[in-house]
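The next block is upload18.cif, given as mmCIF, C-alpha atoms.
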```cif
data_run
#
loop_
_atom_site.label_atom_id
_atom_site.label_comp_id
_atom_site.auth_asym_id
_atom_site.auth_seq_id
_atom_site.Cartn_x
_atom_site.Cartn_y
_atom_site.Cartn_z
CA MET A 8 0.00 0.00 0.00
CA ALA A 9 1.46 3.35 -1.05
CA ARG A 10 1.71 6.10 1.52
CA THR A 11 0.05 9.46 0.96
CA ASP A 12 2.12 12.65 0.82
CA GLU A 13 0.74 13.56 4.27
CA GLN A 14 1.87 10.22 5.74
CA VAL A 15 5.34 10.63 4.25
CA ALA A 16 5.55 14.16 5.66
CA GLN A 17 4.58 12.87 9.13
CA VAL A 18 7.22 10.13 9.06
CA GLU A 19 9.80 12.68 7.97
CA ARG A 20 9.07 14.68 11.16
CA GLY A 21 10.46 11.84 13.30
CA GLY A 22 7.32 11.20 15.33
CA TYR A 23 3.66 11.33 14.43
CA ILE A 24 0.18 10.31 15.50
CA LEU A 25 -0.40 6.85 14.10
CA LYS A 26 -3.82 6.30 15.69
CA ASP A 27 -5.87 8.92 17.46
CA CYS A 28 -9.07 9.09 19.45
CA GLU A 29 -11.95 11.52 19.64
CA GLY A 30 -11.14 14.52 21.83
CA THR A 31 -8.28 14.72 24.28
CA PRO A 32 -6.63 11.36 24.94
CA ASP A 33 -6.62 9.79 28.40
CA LEU A 34 -3.34 8.09 27.52
CA ILE A 35 -0.57 8.28 24.93
CA LEU A 36 1.34 5.17 23.89
CA ILE A 37 4.70 5.89 22.24
CA ALA A 38 6.50 3.17 20.30
CA THR A 39 8.99 2.59 17.54
CA GLY A 40 9.84 -0.32 15.30
CA SER A 41 8.44 -3.72 16.19
CA GLU A 42 6.90 -2.32 19.37
CA VAL A 43 4.35 -0.32 17.36
CA GLU A 44 2.30 -3.48 16.85
CA LEU A 45 2.17 -3.99 20.62
CA ALA A 46 1.05 -0.38 21.09
CA MET A 47 -1.68 -0.77 18.49
CA ASN A 48 -2.94 -3.98 20.07
CA ALA A 49 -2.91 -2.40 23.54
CA GLU A 50 -4.78 0.59 22.13
CA ALA A 51 -7.45 -1.72 20.74
CA THR A 52 -7.88 -3.39 24.14
CA LEU A 53 -7.96 -0.10 26.05
CA SER A 54 -10.32 1.55 23.56
CA GLY A 55 -12.60 -1.45 23.93
CA GLN A 56 -12.69 -0.64 27.64
CA GLY A 57 -13.80 2.92 26.89
CA ARG A 58 -10.40 4.59 27.24
CA LYS A 59 -9.34 7.34 24.83
CA VAL A 60 -5.88 6.39 23.58
CA ARG A 61 -3.46 7.96 21.11
CA VAL A 62 -0.66 5.90 19.56
CA VAL A 63 2.46 7.81 18.54
CA SER A 64 5.05 6.24 16.28
CA MET A 65 8.51 7.68 16.97
CA PRO A 66 10.89 6.33 14.30
CA SER A 67 13.50 9.06 14.91
CA THR A 68 13.71 10.89 18.21
CA ASP A 69 16.50 13.14 16.90
CA VAL A 70 14.34 14.34 14.02
CA PHE A 71 11.29 14.71 16.29
CA ASP A 72 13.31 16.74 18.80
CA ALA A 73 14.32 19.13 16.00
CA GLN A 74 10.67 19.99 15.22
CA ASP A 75 9.11 23.22 16.40
CA ALA A 76 7.33 23.32 19.76
CA GLN A 77 3.90 23.62 18.14
CA TYR A 78 4.34 20.36 16.23
CA LYS A 79 5.72 18.49 19.24
CA GLN A 80 2.79 19.77 21.34
CA SER A 81 0.33 18.60 18.67
CA VAL A 82 1.75 15.06 18.89
CA LEU A 83 2.55 14.89 22.63
CA PRO A 84 0.32 17.48 24.33
CA LEU A 85 1.55 18.52 27.76
CA GLU A 86 -1.98 18.31 29.14
CA VAL A 87 -1.88 14.51 28.73
CA PRO A 88 0.57 13.29 31.40
CA ALA A 89 -0.49 9.61 31.22
CA ARG A 90 2.07 8.22 28.79
CA ILE A 91 3.76 4.91 28.19
CA ALA A 92 6.82 4.41 25.98
CA ILE A 93 7.41 0.91 24.66
CA GLU A 94 11.01 0.31 23.58
CA ALA A 95 12.91 -2.97 23.40
CA ALA A 96 16.17 -1.15 24.02
CA ALA A 97 17.42 1.16 26.76
CA ALA A 98 14.51 2.40 28.83
CA ASP A 99 15.88 5.49 30.57
CA PHE A 100 16.13 7.51 27.35
CA TRP A 101 12.33 7.69 27.06
CA TYR A 102 11.69 9.68 30.26
CA LYS A 103 12.00 12.90 28.29
CA TYR A 104 8.81 11.88 26.45
CA VAL A 105 6.80 10.28 29.26
CA GLY A 106 7.85 12.53 32.15
CA LEU A 107 8.46 11.42 35.70
CA ASP A 108 4.89 10.16 36.10
CA GLY A 109 4.80 8.12 32.90
CA ARG A 110 5.85 4.52 32.42
CA ILE A 111 8.44 2.89 30.23
CA ILE A 112 8.23 -0.70 29.15
CA GLY A 113 11.80 -1.36 28.14
CA MET A 114 14.93 -3.22 29.01
CA THR A 115 16.95 -2.13 32.01
CA THR A 116 19.52 -4.93 31.93
CA TYR A 117 21.99 -6.27 29.43
CA GLY A 118 23.09 -9.74 28.47
CA GLU A 119 19.90 -11.77 28.12
CA SER A 120 20.02 -14.01 25.09
CA ALA A 121 17.12 -15.99 23.69
CA PRO A 122 14.65 -15.82 20.82
CA ALA A 123 12.48 -12.69 20.83
CA GLU A 124 9.32 -14.72 21.47
CA ASP A 125 10.90 -15.75 24.80
CA LEU A 126 12.51 -12.44 25.73
CA PHE A 127 9.55 -10.17 24.98
CA PRO A 128 7.28 -11.72 27.65
CA TYR A 129 10.23 -11.93 30.07
CA PHE A 130 10.76 -8.17 29.82
CA GLY A 131 7.06 -7.32 29.82
CA PHE A 132 6.59 -6.66 26.13
CA THR A 133 3.05 -7.99 26.07
CA VAL A 134 -0.30 -6.37 25.45
CA GLU A 135 -1.42 -7.53 28.90
CA ASN A 136 1.51 -5.77 30.60
CA ILE A 137 0.98 -2.56 28.64
CA VAL A 138 -2.73 -2.59 29.51
CA ALA A 139 -1.92 -3.21 33.19
CA ALA A 140 0.54 -0.28 33.19
CA ALA A 141 -2.08 1.92 31.52
CA GLU A 142 -4.74 0.97 34.04
CA GLU A 143 -2.33 1.79 36.86
CA LEU A 144 -1.63 5.21 35.37
CA LEU A 145 -5.28 5.98 34.72
CA ASP A 146 -6.80 4.75 37.98
#
```

Could you write out this file's structure as C-alpha cells?
Amino acid sequence: MARTDEQVAQVERGGYILKDCEGTPDLILIATGSEVELAMNAEATLSGQGRKVRVVSMPSTDVFDAQDAQYKQSVLPLEVPARIAIEAAAADFWYKYVGLDGRIIGMTTYGESAPAEDLFPYFGFTVENIVAAAEELLD
C-alpha cells in the first residue's frame, strides 16, 4: 500500500500520531519499530474498555526533537501526562517523552540471550503488561 504525501511528511518529522481518538486522549502510547504493533494492540484493548488512547510512532527521536514546539505539542500534548513508551532497548532515554509520572516498558539490563518470542514476555513486552501499566496510570 502506497503512503500518501501527508503520511510521508509525518514520518519525515520523526514522530507522528499513528492512531488517534476523539477529543483529548486519556493516555498516549509511544513506540517505535516492532513495538508499534504492541502499542496498536494495547490501544485496541484499552479503547474497547472505553479509554481514549493515542498511539504515537517515533521512528526518529532526533528528528522529532528538531521539530518546532507547536508540532511536538500537537503530537505529545503537555496536558496529557499519562504516557507509556514501549522500547525494546534502553529504557531510561524515554523519560524525556513520558515525564516522571509516565511509564516505560523497556529493558533495564543487558546480556539476556534468547529468541524474541521468549525475551519479549520476560521483559514485559506484552499487550497484557501494557494494559496493566495503563490501568495503573489511569486509575

For A:Glu44: contacts at 12 Å, all atoms listed in the file, fewer than 2 positions along chain excluded, given as an mmCIF file with C-alpha atoms, in the coordinates of the input:
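Saved result, out.cif, follows:
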```
data_model
loop_
_atom_site.group_PDB
_atom_site.id
_atom_site.type_symbol
_atom_site.label_atom_id
_atom_site.label_comp_id
_atom_site.auth_asym_id
_atom_site.auth_seq_id
_atom_site.Cartn_x
_atom_site.Cartn_y
_atom_site.Cartn_z
ATOM 1 C CA LEU A 25 -0.400 6.850 14.100
ATOM 2 C CA LYS A 26 -3.820 6.300 15.690
ATOM 3 C CA LEU A 36 1.340 5.170 23.890
ATOM 4 C CA ILE A 37 4.700 5.890 22.240
ATOM 5 C CA ALA A 38 6.500 3.170 20.300
ATOM 6 C CA THR A 39 8.990 2.590 17.540
ATOM 7 C CA GLY A 40 9.840 -0.320 15.300
ATOM 8 C CA SER A 41 8.440 -3.720 16.190
ATOM 9 C CA GLU A 42 6.900 -2.320 19.370
ATOM 10 C CA ALA A 46 1.050 -0.380 21.090
ATOM 11 C CA MET A 47 -1.680 -0.770 18.490
ATOM 12 C CA ASN A 48 -2.940 -3.980 20.070
ATOM 13 C CA ALA A 49 -2.910 -2.400 23.540
ATOM 14 C CA GLU A 50 -4.780 0.590 22.130
ATOM 15 C CA ALA A 51 -7.450 -1.720 20.740
ATOM 16 C CA VAL A 62 -0.660 5.900 19.560
ATOM 17 C CA VAL A 63 2.460 7.810 18.540
ATOM 18 C CA SER A 64 5.050 6.240 16.280
ATOM 19 C CA ILE A 93 7.410 0.910 24.660
ATOM 20 C CA GLU A 94 11.010 0.310 23.580
ATOM 21 C CA PHE A 132 6.590 -6.660 26.130
ATOM 22 C CA THR A 133 3.050 -7.990 26.070
ATOM 23 C CA VAL A 134 -0.300 -6.370 25.450
ATOM 24 C CA ILE A 137 0.980 -2.560 28.640
#
```

Discussion item. Can you measure atom CA of A:Asp69 to atom CA of A:Leu34 for me? One decimal in Å is fine.
Written reply: 23.1 Å

Discussion item. Which residues, named as in the file, does the PyMOL selection byres ((chain A and resi 142) around 12) pick out? Answer as number ranges by chain.
Written reply: A: 33-34, 49-50, 52-54, 56-58, 60, 89-91, 109-110, 135-141, 143-146

Item to complete: Pick out the residues sitting within 6 Å of A:Arg61, and hand them over as a PyMOL selection string; count all atoms listed in the file, and ignore anything fewer than 3 positions along from it in its own chain.
Response: chain A and resi 26-28+35

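Going from atom CA of A:Gly30 over to atom CA of A:Leu45, you cover 22.8 Å.
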
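With all atoms listed in the file as the basis for measurement, A:Val82 is the residue among A:Val43, A:Val82, A:Ala76, A:Leu107 that approaches A:Tyr23 most closely.
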
Run the PyMOL selection byres ((chain A and resi 70-72) around 6) mentally over the shown coordinates, then write out the matched residues as a compact mmCIF listing (two decimals) with C-alpha atoms, keeping the file's coordinate frame, using the chain letters and numbers from the document.
```txt
# COMPACT_ATOMS: atom_id res chain seq x y z
CA ARG A 20 9.07 14.68 11.16
CA GLY A 21 10.46 11.84 13.30
CA GLY A 22 7.32 11.20 15.33
CA SER A 67 13.50 9.06 14.91
CA THR A 68 13.71 10.89 18.21
CA ASP A 69 16.50 13.14 16.90
CA ALA A 73 14.32 19.13 16.00
CA GLN A 74 10.67 19.99 15.22
```

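When atom CA of A:Val105 is paired with atom CA of A:Gln80, their separation reads 13.0 Å.
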
Worksheet item: For A:Met65, which of A:Val87, A:Ala96, A:Ile111, A:Ile24 is the closest residue, counting only C-alpha atoms?
Response: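 Nearest candidate to A:Met65 out of A:Val87, A:Ala96, A:Ile111, A:Ile24: A:Ile24.
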
Fill in: Which residue of A:Leu85, A:Ala95, A:Val18, A:Ile112 approaches A:Pro32 most closely, using all atoms listed in the file
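Using all atoms listed in the file, the shortest distance to A:Pro32 belongs to A:Leu85.
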
Discussion item. Let me make sure I understand: among A:Tyr78, A:Glu124, A:Lys59, A:Trp101, which one has the smallest atom-to-atom distance to A:Glu29 if we use all atoms listed in the file?
Written reply: A:Lys59
